[in-house]
Structure formats: C-alpha cells, structure tokens
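> input.txt is reproduced in full below (compact mmCIF, C-alpha atoms).
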# COMPACT_ATOMS: atom_id res chain seq x y z
CA MET A 1 -2.09 65.09 -2.09
CA ARG A 2 -2.09 61.29 -2.38
CA ILE A 3 -0.99 58.73 0.15
CA LYS A 4 0.26 55.21 -0.45
CA GLU A 5 1.13 52.57 2.15
CA TYR A 6 1.86 48.88 1.79
CA SER A 7 3.92 46.03 3.24
CA ARG A 8 5.80 43.35 1.33
CA TYR A 9 8.94 41.24 1.18
CA GLU A 10 11.91 42.31 -0.91
CA LEU A 11 14.82 40.30 -2.33
CA LYS A 12 17.77 41.88 -4.15
CA TYR A 13 20.14 40.34 -6.67
CA LEU A 14 23.26 41.56 -8.43
CA LEU A 15 23.25 40.70 -12.16
CA THR A 16 25.51 41.32 -15.10
CA ARG A 17 23.97 43.20 -18.04
CA GLU A 18 23.92 39.95 -20.00
CA GLN A 19 22.02 38.21 -17.20
CA GLN A 20 19.64 41.17 -17.05
CA ASP A 21 18.83 41.05 -20.76
CA ASP A 22 18.25 37.28 -20.70
CA PHE A 23 16.15 37.48 -17.53
CA ILE A 24 13.94 40.28 -18.88
CA GLU A 25 13.32 38.33 -22.08
CA ALA A 26 12.20 35.29 -20.04
CA LEU A 27 10.14 37.48 -17.70
CA LYS A 28 7.97 38.86 -20.50
CA GLU A 29 6.10 35.55 -20.64
CA PHE A 30 4.81 35.99 -17.07
CA MET A 31 4.69 39.72 -16.29
CA VAL A 32 3.77 43.05 -17.89
CA PRO A 33 5.81 46.28 -18.13
CA ASP A 34 5.01 48.93 -15.54
CA ILE A 35 2.62 51.47 -17.07
CA MET A 36 4.45 54.22 -15.18
CA GLY A 37 7.27 53.92 -17.72
CA ASP A 38 7.43 53.70 -21.48
CA ALA A 39 6.25 50.71 -23.54
CA TYR A 40 9.12 48.67 -22.06
CA GLY A 41 8.51 49.74 -18.45
CA ARG A 42 11.54 52.07 -18.37
CA TYR A 43 11.84 55.30 -16.39
CA PRO A 44 14.43 57.18 -14.30
CA ILE A 45 14.26 57.66 -10.51
CA SER A 46 15.97 60.26 -8.34
CA SER A 47 15.83 60.26 -4.54
CA LEU A 48 17.08 62.72 -1.93
CA TYR A 49 17.79 60.85 1.33
CA PHE A 50 17.69 62.43 4.77
CA ASP A 51 19.77 61.23 7.72
CA THR A 52 21.26 62.39 11.02
CA VAL A 53 24.54 64.28 11.18
CA ASP A 54 26.31 61.00 12.10
CA TYR A 55 24.41 58.91 9.50
CA ARG A 56 22.32 56.85 11.87
CA ALA A 57 20.21 55.30 9.08
CA TYR A 58 23.41 54.06 7.46
CA TRP A 59 24.73 52.50 10.67
CA ASP A 60 21.36 50.91 11.48
CA LYS A 61 21.66 48.99 8.21
CA VAL A 62 25.35 48.11 8.61
CA GLU A 63 24.81 46.90 12.18
CA GLY A 64 21.83 44.79 11.13
CA HIS A 65 19.11 46.38 13.24
CA LYS A 66 15.83 44.51 12.78
CA PHE A 67 13.80 47.74 12.84
CA ARG A 68 14.98 50.69 10.81
CA ARG A 69 13.58 53.64 8.86
CA LYS A 70 14.77 56.00 6.14
CA VAL A 71 13.18 59.26 5.00
CA ARG A 72 13.51 60.39 1.40
CA VAL A 73 11.97 62.58 -1.29
CA ARG A 74 11.59 60.77 -4.62
CA VAL A 75 10.75 61.87 -8.15
CA TYR A 76 9.96 59.67 -11.15
CA GLY A 77 10.45 60.41 -14.84
CA ASN A 78 12.42 62.82 -16.99
CA GLN A 79 10.46 65.97 -16.26
CA ALA A 80 12.27 69.09 -15.10
CA VAL A 81 11.83 69.40 -11.32
CA THR A 82 10.60 72.74 -10.01
CA ALA A 83 9.16 73.81 -6.66
CA GLU A 84 5.69 72.79 -7.88
CA THR A 85 6.59 69.37 -9.33
CA PRO A 86 4.65 66.51 -7.67
CA VAL A 87 7.04 64.22 -5.77
CA PHE A 88 6.76 61.65 -2.98
CA ALA A 89 7.81 62.21 0.62
CA GLU A 90 8.46 58.68 1.86
CA ILE A 91 9.29 56.61 4.90
CA LYS A 92 10.86 53.30 3.97
CA GLN A 93 10.62 51.04 6.99
CA ARG A 94 11.91 47.53 7.57
CA ILE A 95 10.78 45.25 10.37
CA ASP A 96 12.95 42.12 10.21
CA LYS A 97 12.26 40.78 6.69
CA THR A 98 9.12 42.82 6.02
CA LEU A 99 9.34 46.08 4.09
CA GLN A 100 6.79 48.84 4.53
CA LYS A 101 6.61 52.03 2.52
CA LYS A 102 4.53 55.03 3.55
CA ARG A 103 4.42 57.97 1.20
CA VAL A 104 2.54 61.14 0.48
CA GLN A 105 2.55 63.02 -2.82
CA LEU A 106 3.31 66.73 -2.44
CA PRO A 107 4.77 69.60 -4.46
CA TYR A 108 8.56 69.41 -4.24
CA ALA A 109 8.92 72.55 -2.10
CA GLU A 110 6.40 71.23 0.46
CA ALA A 111 8.03 67.80 0.56
CA ILE A 112 11.44 69.35 1.27
CA ALA A 113 9.95 71.62 3.92
CA LEU A 114 8.34 68.60 5.59
CA CYS A 115 11.33 66.22 5.50
CA GLY A 116 14.08 68.77 5.97
CA ALA A 117 12.48 71.28 8.30
CA GLY A 118 9.56 69.47 9.90
CA GLN A 119 7.06 72.02 8.61
CA ALA A 120 3.38 71.19 8.79
CA VAL A 121 1.32 70.39 5.70
CA ALA A 122 -2.11 71.97 5.39
CA ASP A 123 -5.41 70.46 4.23
CA VAL A 124 -4.76 66.77 4.69
CA SER A 125 -6.99 63.87 5.67
CA ALA A 126 -6.60 62.04 8.96
CA THR A 127 -4.79 59.15 7.27
CA GLU A 128 -2.48 61.51 5.43
CA GLN A 129 -1.85 63.46 8.60
CA ALA A 130 -0.60 60.30 10.34
CA VAL A 131 2.19 59.92 7.76
CA VAL A 132 3.01 63.62 7.84
CA GLU A 133 3.25 63.53 11.63
CA GLU A 134 5.52 60.48 11.54
CA ILE A 135 7.91 62.30 9.20
CA GLN A 136 7.76 65.34 11.49
CA TYR A 137 8.46 63.13 14.51
CA LEU A 138 11.52 61.63 12.80
CA TYR A 139 12.76 65.06 11.78
CA TYR A 140 12.47 66.57 15.28
CA THR A 141 13.72 63.45 17.07
CA LEU A 142 16.70 62.82 14.81
CA GLN A 143 17.31 66.35 13.45
CA LEU A 144 17.29 65.04 9.89
CA GLN A 145 19.19 66.79 7.13
CA PRO A 146 19.82 66.09 3.43
CA ALA A 147 22.50 63.41 3.12
CA CYS A 148 22.71 61.95 -0.37
CA VAL A 149 21.12 62.00 -3.83
CA VAL A 150 20.76 58.64 -5.58
CA SER A 151 19.58 58.27 -9.18
CA TYR A 152 19.28 55.38 -11.62
CA HIS A 153 17.41 53.99 -14.61
CA ARG A 154 14.73 51.41 -13.87
CA VAL A 155 12.96 48.76 -15.93
CA ALA A 156 9.93 47.49 -14.01
CA PHE A 157 7.45 44.64 -14.43
CA ASN A 158 4.24 43.96 -12.53
CA GLY A 159 2.54 40.63 -11.94
CA SER A 160 -0.45 39.43 -13.92
CA GLU A 161 -3.88 38.73 -12.42
CA TYR A 162 -2.43 35.48 -11.07
CA ASP A 163 0.39 37.28 -9.20
CA PRO A 164 -1.15 40.67 -8.35
CA GLY A 165 1.34 41.64 -5.63
CA LEU A 166 4.45 40.69 -7.56
CA ARG A 167 6.89 43.30 -8.85
CA VAL A 168 10.35 42.84 -10.40
CA THR A 169 12.63 45.79 -11.16
CA PHE A 170 16.05 46.19 -12.81
CA ASP A 171 18.15 49.23 -11.86
CA THR A 172 21.20 50.37 -13.84
CA ASN A 173 23.37 53.47 -14.24
CA LEU A 174 23.34 53.92 -10.46
CA LYS A 175 24.78 57.32 -9.55
CA CYS A 176 25.09 59.35 -6.37
CA ARG A 177 26.37 62.60 -4.93
CA THR A 178 26.77 64.03 -1.42
CA HIS A 179 26.93 67.63 -2.64
CA ALA A 180 24.29 69.78 -4.40
CA LEU A 181 21.67 68.02 -2.27
CA THR A 182 18.59 69.00 -4.23
CA LEU A 183 16.44 67.47 -6.95
CA LEU A 184 15.69 70.82 -8.59
CA SER A 185 16.75 70.54 -12.21
CA GLU A 186 18.53 73.88 -12.48
CA GLN A 187 20.63 73.10 -9.38
CA HIS A 188 21.71 69.55 -10.22
CA GLY A 189 25.31 68.75 -9.38
CA GLU A 190 27.51 66.14 -11.01
CA SER A 191 26.90 62.59 -9.81
CA ARG A 192 29.17 59.59 -10.15
CA LEU A 193 28.60 55.87 -10.57
CA PHE A 194 28.63 53.86 -7.34
CA VAL A 195 27.96 50.47 -8.99
CA PRO A 196 29.98 49.44 -12.08
CA PRO A 197 28.07 50.27 -15.30
CA ASP A 198 28.06 46.63 -16.44
CA TRP A 199 26.09 45.51 -13.37
CA CYS A 200 22.39 45.65 -12.53
CA VAL A 201 20.47 45.50 -9.23
CA MET A 202 17.35 43.35 -9.55
CA GLU A 203 14.66 43.60 -6.88
CA VAL A 204 11.87 41.09 -6.37
CA LYS A 205 8.97 42.43 -4.30
CA VAL A 206 6.14 40.16 -3.27
CA ASN A 207 3.30 40.23 -0.77
CA TYR A 208 3.57 36.64 0.46
CA ARG A 209 5.90 34.29 -1.41
CA VAL A 210 7.93 34.20 -4.60
CA PRO A 211 6.07 32.18 -7.29
CA TYR A 212 7.62 28.85 -8.19
CA TRP A 213 8.15 29.87 -11.82
CA LEU A 214 10.15 32.92 -10.69
CA THR A 215 12.25 30.84 -8.31
CA GLU A 216 13.09 28.59 -11.26
CA LEU A 217 14.05 31.58 -13.41
CA ILE A 218 16.30 32.98 -10.68
CA GLY A 219 18.08 29.64 -10.39
CA ARG A 220 18.32 29.10 -14.13
CA HIS A 221 19.93 32.49 -14.68
CA ARG A 222 22.32 32.06 -11.72
CA CYS A 223 21.23 35.27 -9.99
CA THR A 224 23.28 36.17 -6.92
CA LEU A 225 21.33 37.21 -3.82
CA ARG A 226 22.80 40.36 -2.25
CA ARG A 227 21.68 42.45 0.71
CA ILE A 228 22.58 45.67 -1.04
CA SER A 229 21.30 49.10 0.02
CA LYS A 230 21.61 51.77 -2.65
CA TYR A 231 21.81 54.50 0.00
CA CYS A 232 24.50 52.74 2.04
CA THR A 233 26.55 51.75 -1.01
CA ALA A 234 26.39 55.32 -2.28
CA LEU A 235 27.69 56.69 1.02
CA GLU A 236 30.48 54.11 1.10
CA GLN A 237 31.67 55.34 -2.30
CA SER A 238 31.86 58.93 -1.05
CA LYS A 239 34.17 60.53 1.52
CA VAL A 240 31.51 61.64 3.99
CA LEU A 241 31.92 58.59 6.26
CA LEU A 242 35.67 59.06 6.79
CA GLN A 243 35.17 61.25 9.87
CA TYR A 244 33.33 58.37 11.54
CA GLN A 245 35.97 55.77 10.68
CA GLU A 246 36.84 55.22 14.33
CA ILE A 247 33.56 53.32 14.69
CA PHE A 248 35.14 50.44 12.76
CA TYR A 249 37.84 49.91 15.40
As structure tokens, how would this structure be written, given the file I've shared?


Amino acid sequence: MRIKEYSRYELKYLLTREQQDDFIEALKEFMVPDIMGDAYGRYPISSLYFDTVDYRAYWDKVEGHKFRRKVRVRVYGNQAVTAETPVFAEIKQRIDKTLQKKRVQLPYAEAIALCGAGQAVADVSATEQAVVEEIQYLYYTLQLQPACVVSYHRVAFNGSEYDPGLRVTFDTNLKCRTHALTLLSEQHGESRLFVPPDWCVMEVKVNYRVPYWLTELIGRHRCTLRRISKYCTALEQSKVLLQYQEIFY
C-alpha cells in the first residue's frame, strides 16, 4: 500500500482542440511530459465516484460550499482491471480555493470494499490508517454508494526544476455512465460523452502561484476559465438527478 497527500491550487479552462494543440506545442518549451504516460505524457483515467443517495457531493458543489469532499476509486492506464489491480482510493477535498488530495493505493477489490462498504484494511501504517479511517467515517456518516463512472484521455506535463510544483493537464474524450458502476474490465458498461468531442478541459495545478510565463500563455491562447467539475457535469448529462428536480424550485 502507498499513500499520497498534498495541497495545491487548481484552475480549469475549457479549450477547443485547436487551442489545445497550439498550447501544448508552446508548453513543451517550459515543461516535460508526465513519465506516468507514454513519450508524450498521454494515458487514460477511469474513476468510480461515491456519493449519498441524494447526491450530496453534487449539491455541495452546485451550492458553492467552501468545504467539500468527494470519495472515488481511480485507475490509470490501459491495463485490464481485475480484483487484484492496484488502484487509488481517494478523498478529493476542497477548502475554499485550496485543493487537497489524500489517497491510498490498494488492490481494486479492497478499495471498493473500503469506499463502498466501509470495510477495514489490514496491515497499514499509522499515517495510512488515518486516511483509511477518514474514508470509513465518510462512508458510515453519509452511507456512500457508487454513483458515477467518469473516464477520459489525459495529456499531462510537469514543471521543470524551476517550477517543481507545477502541473498542467489536458483531458479529452470525456465519458460517463451511471449504470454498470464498476471499473472491472469484463463488466464495463457503455459510456457516453458528456463534453463535446471537439473540446478539452485544461487544468493548471500549482503549489503557490501560476508562473508569469504560463499566465502569458493562457492569455495569448485566449483560454476561458471555467469552474467545471467532471463529476457534476457527468451527472447533469444523465437522468439520475431528475427525481431531485424540486430542489431547483
């Protein structure tokens, strides 16, 4: 098991594919492709999100709560997912403008048992146990259940030695489903696009401040700042929220 925890700021932009291609070409002068992907920093991501029966995590975002958390299980890459595949059980937490991610690497079956049933995880360190217990607390307090699968293709770049905390990602082919709520390869259901295929979501993640050269690039390429949540947008494109429509009135 491995644990990862960090805090940073995150800005999101909606780009056309043409803007994306031009921006990536300019970015190569300042950043390096993520070694997690191929030579160009490309790799797929699939996430299974957990929420309450009335989608509290969704409404926390829509209503603009300053403090909010989401629980998800995430897998990277093209490998076939089995019960033994290493995945991440994560808490994505936002406090005002600061983003914090806490995650523990587990076999898929254990991650699902933790996030979707609150089951204990054996043989963990004290630091790891703190994250496991927080996920258990959220499960038992909120009665979490699988809510949505979101998948997309990512191109990622990391900062050089001069910008060590900087990360810029480009996500395309964004798909979702609210059925077949599993990441197991043999049980995959059909997903559908929830962002038009000719658009891209760019995320800028930084520890302190966006470098001046990147601010210039963003302005030069006319990038549009958007407070977009992949999870919320995916749910809005499905029919699962219709039964809670009275909340809008």

> Quick one: axis-aligned box around all listed atoms of range 199-208 of chain A, 4 Å on every side, centre and edge lengths in Å to one decimal, written as JSON.


{"center_x": 14.7, "center_y": 41.1, "center_z": -6.5, "size_x": 30.8, "size_y": 17.0, "size_z": 21.8}

> Which residue gives the smallest distance to Gly77 in chain A among A:Gln119, A:Gln19, A:Thr127, A:Ser151, with all atoms listed in the file counted?

A:Ser151

> Between CA of His221 in chain A and CA of Gly165 in chain A, what is the distance, to one decimal in Å?

22.6 Å

> Have a look at CA of Gly118 in chain A and CA of Gln143 in chain A and let me know their distance in Å, one decimal.

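Going from CA of Gly118 in chain A over to CA of Gln143 in chain A covers 9.1 Å.
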
> May I ask which of the residues A:Trp213, A:Ser185, A:Arg220, A:Met31 is the closest one to Ala80 in chain A, counting only C-alpha atoms?

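Looking at the shortest contact to Ala80 in chain A, the residue is A:Ser185.
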
> Please compute the CA of Ser238 in chain A-CA of Ala109 in chain A distance, one decimal, in Å.

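CA of Ala109 in chain A lies 26.7 Å from CA of Ser238 in chain A.
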
> Restrict the calculation to all atoms listed in the file, then for each residue of range 134-156 of chain A with any atom at most 6 Å from an atom of range 38-62 of chain A give the closest atom pair and their distance in Å to one decimal, rows by chain and rising residue number, as CSV.


residue,atom,partner,partner_atom,distance
A:Leu142,CA,A:Thr52,CA,5.9
A:Leu144,CA,A:Thr52,CA,4.9
A:Gln145,CA,A:Phe50,CA,5.2
A:Pro146,CA,A:Phe50,CA,4.4
A:Ala147,CA,A:Phe50,CA,5.2
A:Cys148,CA,A:Tyr49,CA,5.3
A:Val149,CA,A:Leu48,CA,4.5
A:Val150,CA,A:Ser47,CA,5.3
A:Ser151,CA,A:Ser46,CA,4.2
A:Tyr152,CA,A:Ile45,CA,5.6
A:His153,CA,A:Pro44,CA,4.4
A:Arg154,CA,A:Tyr43,CA,5.5
A:Val155,CA,A:Arg42,CA,4.4
A:Ala156,CA,A:Gly41,CA,5.2

> Measuring atom to atom with only C-alpha atoms, identify which of A:Arg8, A:Arg17, A:Ala111, A:Cys176 is nearest to Val201 in chain A.

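Of A:Arg8, A:Arg17, A:Ala111, A:Cys176, the one nearest Val201 in chain A is A:Arg17, counting only C-alpha atoms.
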
> Mind checking which residues fall within 10 Å of Gly159 in chain A, counting only C-alpha atoms, ignoring those fewer than 2 positions away in the same chain, and posting them as an MDAnalysis selection string?

chainID A and resid 30:34 157 161:168 206

> Point out the residue among A:Gln105, A:Thr169, A:Gln100, A:Ser160 with the least atom-to-atom distance to Glu84 in chain A, counting all atoms listed in the file.

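The closest residue to Glu84 in chain A is A:Gln105.
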
> Using only C-alpha atoms, which of the listed residues (A:Ser125, A:Asn158, A:Asn207, A:Gln136) sits closest to Glu29 in chain A?

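When distances to Glu29 in chain A are compared using only C-alpha atoms, the smallest one comes from A:Asn158.
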
> Return the single residue from A:Thr82, A:Lys70, A:Val131, A:His179 that is closest to Val104 in chain A, with distances computed using all atoms listed in the file.

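Closest residue, counting all atoms listed in the file: A:Val131.
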
> Counting all atoms listed in the file, find residues at most 6 Å from (25.3, 37.5, -3.4) (file frame) and give them as an mmCIF file with C-alpha atoms, in the coordinates of the input.


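Written output follows (point-v3.cif):
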data_model
loop_
_atom_site.group_PDB
_atom_site.id
_atom_site.type_symbol
_atom_site.label_atom_id
_atom_site.label_comp_id
_atom_site.auth_asym_id
_atom_site.auth_seq_id
_atom_site.Cartn_x
_atom_site.Cartn_y
_atom_site.Cartn_z
ATOM 1 C CA THR A 224 23.280 36.170 -6.920
ATOM 2 C CA LEU A 225 21.330 37.210 -3.820
ATOM 3 C CA ARG A 226 22.800 40.360 -2.250
#

> Give as a list in words the set of residues within 8 Å of the point (10.1, 51.6, 7.5), where distances use the file's coordinates and only C-alpha atoms.

Phe67, Arg68, Arg69, Lys70, Ile91, Lys92, Gln93, Arg94, Ile95, Leu99, Gln100, Lys101 and Lys102 of chain A

> As an mmCIF file, in the frame of the given file, please: range 148-176 of chain A completed to N, CA and C atoms.


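The result, written out as out37.cif:
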data_model
loop_
_atom_site.group_PDB
_atom_site.id
_atom_site.type_symbol
_atom_site.label_atom_id
_atom_site.label_comp_id
_atom_site.auth_asym_id
_atom_site.auth_seq_id
_atom_site.Cartn_x
_atom_site.Cartn_y
_atom_site.Cartn_z
ATOM 1 N N CYS A 148 22.208 62.569 0.849
ATOM 2 C CA CYS A 148 22.710 61.950 -0.370
ATOM 3 C C CYS A 148 21.626 61.947 -1.436
ATOM 4 N N VAL A 149 22.019 62.145 -2.683
ATOM 5 C CA VAL A 149 21.120 62.000 -3.830
ATOM 6 C C VAL A 149 21.518 60.740 -4.575
ATOM 7 N N VAL A 150 20.546 59.878 -4.834
ATOM 8 C CA VAL A 150 20.760 58.640 -5.580
ATOM 9 C C VAL A 150 19.843 58.651 -6.793
ATOM 10 N N SER A 151 20.390 58.322 -7.958
ATOM 11 C CA SER A 151 19.580 58.270 -9.180
ATOM 12 C C SER A 151 19.967 57.049 -9.996
ATOM 13 N N TYR A 152 19.011 56.550 -10.782
ATOM 14 C CA TYR A 152 19.280 55.380 -11.620
ATOM 15 C C TYR A 152 18.171 55.222 -12.644
ATOM 16 N N HIS A 153 18.405 54.342 -13.607
ATOM 17 C CA HIS A 153 17.410 53.990 -14.610
ATOM 18 C C HIS A 153 16.763 52.667 -14.211
ATOM 19 N N ARG A 154 15.469 52.603 -14.296
ATOM 20 C CA ARG A 154 14.730 51.410 -13.870
ATOM 21 C C ARG A 154 13.923 50.825 -15.026
ATOM 22 N N VAL A 155 13.903 49.500 -15.092
ATOM 23 C CA VAL A 155 12.960 48.760 -15.930
ATOM 24 C C VAL A 155 12.116 47.946 -14.961
ATOM 25 N N ALA A 156 10.794 48.104 -15.010
ATOM 26 C CA ALA A 156 9.930 47.490 -14.010
ATOM 27 C C ALA A 156 8.830 46.654 -14.651
ATOM 28 N N PHE A 157 8.520 45.534 -14.002
ATOM 29 C CA PHE A 157 7.450 44.640 -14.430
ATOM 30 C C PHE A 157 6.532 44.354 -13.256
ATOM 31 N N ASN A 158 5.236 44.287 -13.538
ATOM 32 C CA ASN A 158 4.240 43.960 -12.530
ATOM 33 C C ASN A 158 3.604 42.607 -12.830
ATOM 34 N N GLY A 159 3.135 41.949 -11.778
ATOM 35 C CA GLY A 159 2.540 40.630 -11.940
ATOM 36 C C GLY A 159 1.211 40.682 -12.669
ATOM 37 N N SER A 160 0.837 39.552 -13.231
ATOM 38 C CA SER A 160 -0.450 39.430 -13.920
ATOM 39 C C SER A 160 -1.556 39.247 -12.872
ATOM 40 N N GLU A 161 -2.757 38.953 -13.338
ATOM 41 C CA GLU A 161 -3.880 38.730 -12.420
ATOM 42 C C GLU A 161 -3.642 37.531 -11.512
ATOM 43 N N TYR A 162 -2.729 36.649 -11.892
ATOM 44 C CA TYR A 162 -2.430 35.480 -11.070
ATOM 45 C C TYR A 162 -1.384 35.785 -10.000
ATOM 46 N N ASP A 163 -0.614 36.851 -10.177
ATOM 47 C CA ASP A 163 0.390 37.280 -9.200
ATOM 48 C C ASP A 163 0.257 38.782 -8.969
ATOM 49 N N PRO A 164 -0.867 39.233 -8.406
ATOM 50 C CA PRO A 164 -1.150 40.670 -8.350
ATOM 51 C C PRO A 164 -0.187 41.480 -7.485
ATOM 52 N N GLY A 165 0.440 40.875 -6.490
ATOM 53 C CA GLY A 165 1.340 41.640 -5.630
ATOM 54 C C GLY A 165 2.792 41.579 -6.044
ATOM 55 N N LEU A 166 3.072 40.897 -7.136
ATOM 56 C CA LEU A 166 4.450 40.690 -7.560
ATOM 57 C C LEU A 166 4.982 41.877 -8.361
ATOM 58 N N ARG A 167 6.241 42.214 -8.101
ATOM 59 C CA ARG A 167 6.890 43.300 -8.850
ATOM 60 C C ARG A 167 8.378 42.956 -8.956
ATOM 61 N N VAL A 168 8.926 43.084 -10.164
ATOM 62 C CA VAL A 168 10.350 42.840 -10.400
ATOM 63 C C VAL A 168 10.924 44.055 -11.110
ATOM 64 N N THR A 169 12.013 44.600 -10.578
ATOM 65 C CA THR A 169 12.630 45.790 -11.160
ATOM 66 C C THR A 169 14.111 45.552 -11.420
ATOM 67 N N PHE A 170 14.642 46.275 -12.428
ATOM 68 C CA PHE A 170 16.050 46.190 -12.810
ATOM 69 C C PHE A 170 16.610 47.609 -12.835
ATOM 70 N N ASP A 171 17.594 47.886 -11.992
ATOM 71 C CA ASP A 171 18.150 49.230 -11.860
ATOM 72 C C ASP A 171 19.587 49.274 -12.357
ATOM 73 N N THR A 172 19.871 50.202 -13.267
ATOM 74 C CA THR A 172 21.200 50.370 -13.840
ATOM 75 C C THR A 172 21.592 51.840 -13.833
ATOM 76 N N ASN A 173 22.849 52.099 -14.213
ATOM 77 C CA ASN A 173 23.370 53.470 -14.240
ATOM 78 C C ASN A 173 23.172 54.147 -12.887
ATOM 79 N N LEU A 174 23.541 53.434 -11.828
ATOM 80 C CA LEU A 174 23.340 53.920 -10.460
ATOM 81 C C LEU A 174 24.380 54.975 -10.122
ATOM 82 N N LYS A 175 23.899 56.186 -9.838
ATOM 83 C CA LYS A 175 24.780 57.320 -9.550
ATOM 84 C C LYS A 175 24.395 57.962 -8.225
ATOM 85 N N CYS A 176 25.356 58.672 -7.643
ATOM 86 C CA CYS A 176 25.090 59.350 -6.370
ATOM 87 C C CYS A 176 25.930 60.614 -6.258
#
